[in-house]
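Participant: File protein_7.txt follows (compact mmCIF, C-alpha atoms):
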```txt
# COMPACT_ATOMS: atom_id res chain seq x y z
CA MET A 30 107.55 98.67 96.14
CA ARG A 31 105.09 95.94 95.29
CA SER A 32 104.81 94.82 91.72
CA ASP A 33 101.29 94.66 90.39
CA PRO A 34 100.53 91.30 88.81
CA ASP A 35 97.68 92.87 86.85
CA ALA A 36 99.82 95.57 85.33
CA ASP A 37 100.33 95.31 81.61
CA PRO A 38 103.75 95.85 80.00
CA ARG A 39 103.07 99.54 79.39
CA GLY A 40 102.70 100.04 83.11
CA GLU A 41 99.00 100.83 83.00
CA PRO A 42 97.09 98.57 85.42
CA SER A 43 94.68 96.51 83.33
CA HIS A 44 91.79 96.90 85.77
CA VAL A 45 91.77 100.68 85.36
CA ILE A 46 90.05 101.84 82.20
CA ARG A 47 91.10 105.26 81.11
CA GLU A 48 89.57 107.12 78.21
CA SER A 49 90.31 110.61 77.04
CA TRP A 50 88.25 112.69 74.71
CA ARG A 51 88.98 116.27 73.86
CA ASN A 52 88.47 117.76 77.28
CA GLU A 53 87.33 114.85 79.38
CA LEU A 54 89.21 112.18 81.25
CA ARG A 55 87.22 109.17 82.40
CA ILE A 56 88.51 106.55 84.81
CA LEU A 57 86.60 103.38 85.69
CA PHE A 58 87.91 100.91 88.25
CA PRO A 59 86.82 98.41 90.95
CA SER A 60 86.72 99.57 94.57
CA GLY A 61 89.83 98.85 96.67
CA ALA A 62 92.69 100.73 98.32
CA LEU A 63 95.30 99.48 95.87
CA ALA A 64 93.00 100.08 92.91
CA VAL A 65 92.61 103.71 94.07
CA ARG A 66 96.39 104.03 94.02
CA ASP A 67 96.50 102.74 90.45
CA ALA A 68 93.58 104.96 89.41
CA LEU A 69 95.31 108.03 90.87
CA ALA A 70 98.51 107.21 88.99
CA SER A 71 96.52 106.78 85.80
CA THR A 72 94.60 110.02 86.39
CA MET A 73 97.69 112.09 87.12
CA ASP A 74 99.31 110.59 84.03
CA GLY A 75 96.22 111.53 82.01
CA LEU A 76 96.52 115.14 83.23
CA ARG A 77 100.23 115.39 82.45
CA HIS A 78 99.67 117.13 79.12
CA LEU A 79 98.11 120.08 80.98
CA ARG A 80 101.56 120.88 82.43
CA LEU A 81 100.08 121.68 85.82
CA ASP A 82 102.02 123.54 88.46
CA PRO A 83 103.49 121.08 91.03
CA GLU A 84 101.48 122.70 93.83
CA ASP A 85 98.27 122.30 91.83
CA ARG A 86 99.15 118.70 90.96
CA SER A 87 99.63 117.76 94.61
CA THR A 88 96.33 119.41 95.57
CA ILE A 89 94.48 117.58 92.80
CA GLU A 90 96.01 114.22 93.73
CA LEU A 91 95.22 114.74 97.42
CA VAL A 92 91.55 115.70 96.92
CA LEU A 93 90.97 112.89 94.43
CA ALA A 94 92.61 110.42 96.86
CA GLU A 95 90.34 111.57 99.69
CA VAL A 96 87.20 111.35 97.55
CA LEU A 97 88.04 107.91 96.14
CA ASN A 98 89.26 106.44 99.43
CA ASN A 99 86.08 107.67 101.08
CA ILE A 100 84.04 105.67 98.55
CA VAL A 101 86.18 102.58 99.21
CA GLU A 102 85.86 102.88 102.99
CA HIS A 103 82.25 104.02 103.37
CA GLY A 104 80.47 103.42 100.06
CA TYR A 105 81.77 99.88 99.70
CA PRO A 106 82.75 98.99 103.30
CA ASP A 107 84.44 95.71 104.25
CA ASN A 108 85.84 95.27 100.76
CA ALA A 109 82.38 94.97 99.21
CA PRO A 110 82.73 94.76 95.42
CA GLY A 111 81.67 97.69 93.29
CA MET A 112 82.78 100.05 90.58
CA ILE A 113 83.95 103.65 90.88
CA GLU A 114 83.81 106.17 88.04
CA LEU A 115 85.64 109.46 87.87
CA TYR A 116 85.07 112.12 85.21
CA ILE A 117 87.35 115.14 84.92
CA THR A 118 86.93 118.01 82.51
CA HIS A 119 89.20 121.02 82.41
CA ASP A 120 89.16 124.66 81.47
CA PRO A 121 92.00 127.17 81.83
CA GLY A 122 91.07 127.96 85.44
CA GLY A 123 90.54 124.53 86.87
CA LEU A 124 89.16 121.00 86.80
CA SER A 125 85.53 119.97 87.20
CA CYS A 126 85.22 116.50 88.70
CA VAL A 127 82.39 114.00 89.18
CA ALA A 128 82.78 110.77 91.15
CA LEU A 129 80.08 108.10 90.84
CA ASP A 130 79.56 104.85 92.73
CA SER A 131 76.74 102.40 93.47
CA GLY A 132 77.64 101.92 97.12
CA ARG A 133 75.91 102.94 100.32
CA ALA A 134 74.44 106.42 100.48
CA MET A 135 76.04 109.12 102.62
CA PRO A 136 74.40 109.19 106.09
CA GLY A 137 71.21 111.26 105.83
CA LYS A 138 71.85 111.47 102.06
CA ARG A 139 73.86 114.60 102.62
CA LEU A 140 77.50 115.64 102.78
CA PRO A 141 79.12 114.97 106.13
CA ILE A 142 80.17 117.96 108.21
CA PRO A 143 83.86 117.52 108.99
CA HIS A 144 85.08 117.62 112.57
CA PRO A 145 88.84 117.50 112.19
CA PRO A 146 90.89 116.73 115.28
CA ASP A 147 91.81 119.78 117.35
CA PRO A 148 95.62 120.14 117.56
CA ASP A 149 95.25 121.93 120.91
CA GLN A 150 93.97 118.75 122.51
CA PRO A 151 96.47 116.73 124.57
CA PRO A 152 98.07 114.20 122.19
CA PRO A 153 96.73 111.05 123.91
CA SER A 154 93.17 112.09 123.10
CA LEU A 155 93.99 113.25 119.57
CA SER A 156 91.87 111.44 116.98
CA GLU A 157 93.60 109.71 114.07
CA GLY A 158 90.66 110.22 111.69
CA GLY A 159 88.36 112.97 110.51
CA PHE A 160 90.83 114.73 108.24
CA GLY A 161 89.48 113.50 104.90
CA TRP A 162 86.34 115.60 104.45
CA PHE A 163 88.08 118.57 106.02
CA LEU A 164 90.78 118.43 103.32
CA ILE A 165 88.19 117.96 100.55
CA ARG A 166 86.21 121.01 101.71
CA GLU A 167 89.34 123.06 102.29
CA LEU A 168 90.84 122.40 98.85
CA SER A 169 87.80 122.16 96.54
CA SER A 170 84.86 124.38 95.67
CA ASP A 171 81.27 123.86 94.45
CA LEU A 172 81.10 120.60 96.39
CA SER A 173 77.77 118.88 95.82
CA TYR A 174 76.34 115.45 96.63
CA GLN A 175 73.27 113.76 95.20
CA ARG A 176 71.81 110.32 95.67
CA VAL A 177 70.47 109.46 92.23
CA GLY A 178 68.56 106.18 92.28
CA ASN A 179 71.00 103.71 93.80
CA ARG A 180 74.04 105.76 92.89
CA ASN A 181 76.11 108.39 94.70
CA ARG A 182 77.15 111.40 92.67
CA LEU A 183 79.74 113.76 94.13
CA SER A 184 80.79 116.76 92.08
CA PHE A 185 83.39 119.38 92.88
CA ARG A 186 85.73 121.83 91.32
CA LEU A 187 89.48 122.17 91.76
CA ASP A 188 90.60 125.71 91.04
CA LEU A 189 94.16 126.12 89.81
CA THR A 190 96.61 128.67 91.18
CA HIS A 191 98.39 128.63 87.81
CA ARG A 192 96.06 128.72 84.80
CA ILE A 193 96.41 126.11 82.08
CA GLN A 194 98.14 127.72 79.11
CA SER A 195 96.95 125.51 76.28
CA CYS A 196 93.67 123.62 76.41
CA MET B 30 106.66 99.70 103.07
CA GLN B 31 110.42 100.03 103.28
CA ILE B 32 112.48 101.79 105.92
CA GLU B 33 116.13 102.25 106.80
CA THR B 34 117.15 102.88 110.39
CA THR B 35 120.19 104.67 111.78
CA ARG B 36 120.98 104.71 115.46
CA THR B 37 122.82 107.74 116.81
CA GLY B 38 123.64 108.63 120.38
CA SER B 39 120.41 110.37 121.22
CA ALA B 40 117.96 109.30 118.56
CA LEU B 41 116.74 106.61 116.24
CA ILE B 42 116.43 107.91 112.71
CA ILE B 43 113.97 106.04 110.52
CA ARG B 44 114.12 106.90 106.84
CA ILE B 45 110.89 106.09 105.02
CA LEU B 46 111.88 104.72 101.62
CA SER B 47 108.34 104.31 100.25
CA ALA B 48 107.12 107.26 98.18
CA ARG B 49 103.49 106.97 99.30
CA VAL B 50 102.05 106.87 102.81
CA ASP B 51 98.40 106.39 101.89
CA ALA B 52 95.24 104.45 102.69
CA ALA B 53 96.75 101.26 101.29
CA GLU B 54 99.81 101.61 103.52
CA ALA B 55 98.53 103.20 106.74
CA VAL B 56 98.13 100.11 108.93
CA ARG B 57 101.45 98.62 107.86
CA PHE B 58 103.14 101.97 108.47
CA LYS B 59 102.16 102.00 112.14
CA ASP B 60 103.25 98.40 112.66
CA VAL B 61 106.60 98.85 110.94
CA ILE B 62 107.53 102.01 112.84
CA ARG B 63 106.43 100.54 116.16
CA ASP B 64 108.58 97.45 115.63
CA ALA B 65 111.58 99.50 114.51
CA ALA B 66 111.34 101.81 117.53
CA LEU B 67 110.92 99.02 120.08
CA ASP B 68 113.39 99.39 122.97
CA GLY B 69 114.98 102.31 121.13
CA PRO B 70 116.05 105.73 122.41
CA ASP B 71 113.64 108.43 123.62
CA ARG B 72 113.73 110.33 120.34
CA VAL B 73 112.44 108.71 117.16
CA ILE B 74 112.93 110.88 114.07
CA LEU B 75 111.14 109.99 110.84
CA ASP B 76 113.09 111.18 107.82
CA MET B 77 110.25 111.84 105.34
CA GLY B 78 112.46 113.16 102.53
CA ALA B 79 111.49 110.37 100.11
CA VAL B 80 107.73 110.58 100.77
CA THR B 81 106.06 112.50 97.95
CA PHE B 82 102.44 111.71 98.81
CA LEU B 83 100.58 111.48 102.12
CA ASP B 84 96.78 111.47 102.42
CA SER B 85 94.46 111.70 105.45
CA SER B 86 94.96 108.00 106.20
CA GLY B 87 98.73 108.49 106.11
CA LEU B 88 98.39 111.50 108.38
CA GLY B 89 96.28 109.41 110.76
CA ALA B 90 98.99 106.73 110.73
CA VAL B 91 101.66 109.27 111.72
CA ILE B 92 99.43 110.58 114.55
CA GLY B 93 98.72 107.00 115.63
CA THR B 94 102.44 106.21 115.59
CA MET B 95 103.13 109.24 117.79
CA LYS B 96 100.49 108.08 120.26
CA GLN B 97 101.66 104.49 120.42
CA LEU B 98 105.25 105.57 121.15
CA MET B 99 104.07 107.75 124.03
CA PRO B 100 104.86 108.33 126.84
CA ASP B 101 108.37 106.86 126.71
CA GLN B 102 109.34 107.98 123.22
CA GLN B 103 108.81 111.23 121.29
CA LEU B 104 108.11 111.08 117.56
CA GLU B 105 109.67 113.85 115.45
CA LEU B 106 109.57 114.47 111.70
CA ALA B 107 112.22 115.81 109.35
CA ASN B 108 112.64 116.65 105.66
CA LEU B 109 108.96 117.00 104.68
CA THR B 110 108.42 117.42 100.94
CA PRO B 111 106.05 120.27 99.91
CA ALA B 112 103.06 117.98 99.27
CA VAL B 113 103.40 116.31 102.68
CA SER B 114 104.10 119.58 104.48
CA LYS B 115 100.87 121.02 103.08
CA VAL B 116 98.76 118.26 104.65
CA PHE B 117 100.30 118.87 108.09
CA ARG B 118 99.90 122.63 107.74
CA LEU B 119 96.26 122.61 106.56
CA THR B 120 95.18 120.28 109.36
CA ARG B 121 97.36 122.16 111.90
CA MET B 122 98.93 118.83 112.84
CA ASP B 123 102.31 120.53 112.37
CA SER B 124 101.89 121.76 115.94
CA VAL B 125 101.45 118.40 117.67
CA MET B 126 105.00 117.09 117.18
CA PRO B 127 108.41 118.60 116.43
CA ILE B 128 109.01 119.02 112.68
CA HIS B 129 112.54 119.78 111.47
CA ASP B 130 113.41 121.26 108.07
CA ALA B 131 116.36 118.88 107.94
CA LEU B 132 117.76 116.19 110.19
CA PRO B 133 119.26 117.90 113.25
CA PRO B 134 123.03 118.03 112.54
CA CYS B 135 124.04 116.05 115.60
CA ASP B 136 121.56 113.34 114.66
CA ALA B 137 122.47 113.02 111.01
CA ALA B 138 124.23 109.80 110.10
CA ARG B 139 127.83 109.93 111.27
CA ASN B 140 130.83 107.68 111.74
CA GLY B 141 130.03 104.74 113.92
CA ALA B 142 126.29 104.96 113.40
CA VAL B 143 124.77 101.65 112.47
CA GLY B 144 122.56 101.61 109.42
CA GLN B 145 120.09 98.85 108.82
CA ALA B 146 117.75 98.38 105.89
CA HIS B 147 114.38 96.74 106.30
CA ALA B 148 112.01 95.48 103.69
CA VAL B 149 108.63 94.61 105.14
```
Could you render the structure as C-alpha cells?

Facilitator:
Amino acid sequence: MRSDPDADPRGEPSHVIRESWRNELRILFPSGALAVRDALASTMDGLRHLRLDPEDRSTIELVLAEVLNNIVEHGYPDNAPGMIELYITHDPGGLSCVALDSGRAMPGKRLPIPHPPDPDQPPPSLSEGGFGWFLIRELSSDLSYQRVGNRNRLSFRLDLTHRIQSC
Amino acid sequence: MQIETTRTGSALIIRILSARVDAAEAVRFKDVIRDAALDGPDRVILDMGAVTFLDSSGLGAVIGTMKQLMPDQQLELANLTPAVSKVFRLTRMDSVMPIHDALPPCDAARNGAVGQAHAV
C-alpha cells in the first residue's frame, strides 16, 4: 500500500480534520479520491466506540464512500479544488448524516434517479457505471437534497440492523 | 495495487493483495489485471479473499475487466468477503460472471504451479 506523506505519526492524515462532540462526528477534508479514502478511515475510526455490527459497519462505509466519491466526481469534477464536510450524529437505531460541499449543483437541482445496469443484458453492452446512486438509495433512508445558496446539502439516515447498546 | 499470480493447467489465478478496490484504485485495477492476463489461459480467476472493501467504482472496474478480457477469456471471482459479496448481490452483478465460494480445488495452487508477485 502507498504511504501517505501527509500522514502524521499517529496515523491520522493531517488534511482530514475530525472533531467529536457528545453525539456528533464532524469530518472536514479537501476533495479528492485519496482524501475520501482517508476521510472514510477517519470516520470509521471515529465510530469505533459505537461497537457497530460488522454488517452495519460495511453498509455505513459503502454509503458514505458513494456519497463522498459522488461529490469528488460530479461536484468538483476534473480535480477542481473544494472542501467537503460530513456530519454524523447517532441514536440507538441509526446514524443521521449530512454531507455539504460548495461544488456544482445536482442536475436540475434534484436527486438523480438511478438507472443501474441490467444484469440480464448481454455482457458486452453492460455498463460499468450507474451503481452509486442505486446503492445509496438501496441502503439509506430519508434521502434529501437541497441547494442552499452555492452549497449542496445531502442528508440521509443509515438504519442499523443491530441497535447501539450504549450511546 | 498489488497482485500475485499463479498459473495452473486450466486457469490463471490472480490474488488481489490490496484491501480496497475503490474509486482511487479503479483505473489501475483494470490496467493491472489486463496486463497480468495477457496471453494467458481462457479462465482468469480473481481471488478476492483479501479485499475487504469494494465500492461502485470498484464494481465498475471488475465489470470493465470482464468486458476487456472478452471474448477470448472468461473472468471468474472467488473468495468474496461479506462486504464485497453484498455489493455484487444488491446490484445483481453476481449473475454476470461465475462466482466461487472458494478457489475451485483443481485450480488452487499446487505443486509445479508458478507463483509470481507483482507490485504496481

Participant: What are the nearest atom pairs, with distances in Å to one decimal, for all residues of chain B that come at most 10 Å from chain A, using only C-alpha atoms, set out by chain and rising residue number as CSV?

Facilitator:
```
residue,atom,partner,partner_atom,distance
B:Met30,CA,A:Met30,CA,7.1
B:Gln31,CA,A:Met30,CA,7.8
B:Leu46,CA,A:Met30,CA,9.2
B:Ser47,CA,A:Met30,CA,7.0
B:Ala48,CA,A:Met30,CA,8.8
B:Arg49,CA,A:Arg66,CA,9.3
B:Asp51,CA,A:Arg66,CA,8.5
B:Ala52,CA,A:Ala62,CA,6.3
B:Ala53,CA,A:Ala62,CA,5.1
B:Glu54,CA,A:Ala62,CA,8.9
B:Thr81,CA,A:Ser87,CA,9.0
B:Phe82,CA,A:Ser87,CA,7.9
B:Leu83,CA,A:Leu91,CA,7.8
B:Asp84,CA,A:Leu91,CA,6.2
B:Ser85,CA,A:Gly161,CA,5.3
B:Ser86,CA,A:Gly158,CA,7.3
B:Gly87,CA,A:Glu157,CA,9.5
B:Leu88,CA,A:Glu157,CA,7.7
B:Gly89,CA,A:Glu157,CA,4.3
B:Ala90,CA,A:Glu157,CA,7.0
B:Val91,CA,A:Glu157,CA,8.4
B:Ile92,CA,A:Glu157,CA,5.9
B:Gly93,CA,A:Glu157,CA,6.0
B:Thr94,CA,A:Glu157,CA,9.6
B:Met95,CA,A:Pro152,CA,8.3
B:Lys96,CA,A:Pro153,CA,6.0
B:Gln97,CA,A:Pro153,CA,8.9
B:Met99,CA,A:Pro153,CA,8.0
B:Pro100,CA,A:Pro153,CA,9.1
B:Pro111,CA,A:Glu84,CA,8.0
B:Ala112,CA,A:Ser87,CA,5.8
B:Val113,CA,A:Ser87,CA,9.0
B:Lys115,CA,A:Thr88,CA,8.9
B:Val116,CA,A:Leu164,CA,8.1
B:Leu119,CA,A:Leu164,CA,7.6
B:Thr120,CA,A:Phe160,CA,7.1
B:Arg121,CA,A:Pro148,CA,6.3
B:Met122,CA,A:Pro148,CA,5.9
B:Asp123,CA,A:Pro148,CA,8.5
B:Ser124,CA,A:Pro148,CA,6.7
B:Val125,CA,A:Pro148,CA,6.1
B:Met126,CA,A:Pro152,CA,9.0
B:Ala148,CA,A:Met30,CA,9.3
B:Val149,CA,A:Met30,CA,9.9
```

Participant: What is the distance, in Å and to one decimal place, between CA of Pro133 in chain B and CA of Thr110 in chain B?

Facilitator: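 Computed distance, CA of Pro133 in chain B to CA of Thr110 in chain B, equals 16.4 Å.
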
Participant: Name all residues at most 9 Å from Arg182 in chain A (count all atoms listed in the file; drop same-chain ones fewer than 4 positions away) and give them as a ChimeraX atom specification.

Facilitator: /A:127-130,173-177

Participant: Could you check which residues have any atom within 6 Å of (74.0, 103.8, 94.1), counting all atoms listed in the file with coordinates taken straight from the file, and then list them as an NGL selection string?

Facilitator: :A and (130-132 or 179-181)

Participant: Using the file's own x, y and z axes, so that the box edges lie along x, y and z, what centre and edge lengths in Å (one decimal) does a box around every listed atom of range 67-86 of chain A get when 3 Å is added on each side? Give it as JSON.

Facilitator:
```
{"center_x": 98.5, "center_y": 113.1, "center_z": 86.5, "size_x": 15.9, "size_y": 26.8, "size_z": 20.7}
```

Participant: Between CA of Asp67 in chain A and CA of Val45 in chain A, what is the distance, to one decimal in Å?

Facilitator: 7.2 Å

Participant: Have a look at CA of Thr190 in chain A and CA of Ile113 in chain A and let me know their distance in Å, one decimal.

Facilitator: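 Value for the CA of Thr190 in chain A-CA of Ile113 in chain A distance: 28.0 Å.
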
Participant: Which is closest to Leu106 in chain B among B:Ala65, B:Ile74, B:Val50, B:Leu132, if we use all atoms listed in the file?

Facilitator: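 Using all atoms listed in the file, Leu106 in chain B sits closest to B:Ile74.
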
Participant: Using all atoms listed in the file, can you tell me which of B:His129, B:Ser39, B:Thr34, B:Asn108 comes closest to Asp64 in chain B?

Facilitator: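 Nearest to Asp64 in chain B: B:Thr34.
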
Participant: Would you list the contacts of Gly75 in chain A as a PyMOL selection string, taking every protein, DNA or RNA residue within 12 Å and counting all atoms listed in the file, but skipping same-chain residues closer than 6 positions in sequence?

Facilitator: chain A and resi 41+46-56+68-69+81+86+116-119

Participant: Mind listing whatever residues come within 8 Å of the point (113.1, 109.8, 111.9)? Use all atoms listed in the file, file coordinates, and give them as a list of chain:residue names.

Facilitator: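 Checking each residue against the 8 Å limit leaves B:Leu41, B:Ile42, B:Ile43, B:Arg44, B:Val73, B:Ile74, B:Leu75, B:Asp76, B:Met77, B:Leu104, B:Glu105, B:Leu106, B:Ala107.
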
Participant: Would you mind telling me which residue in B:Ala40, B:Ile128, B:Val80, B:Leu98 lies nearest to Arg63 in chain B when using all atoms listed in the file?

Facilitator: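 That would be B:Leu98, the residue with the smallest distance to Arg63 in chain B.
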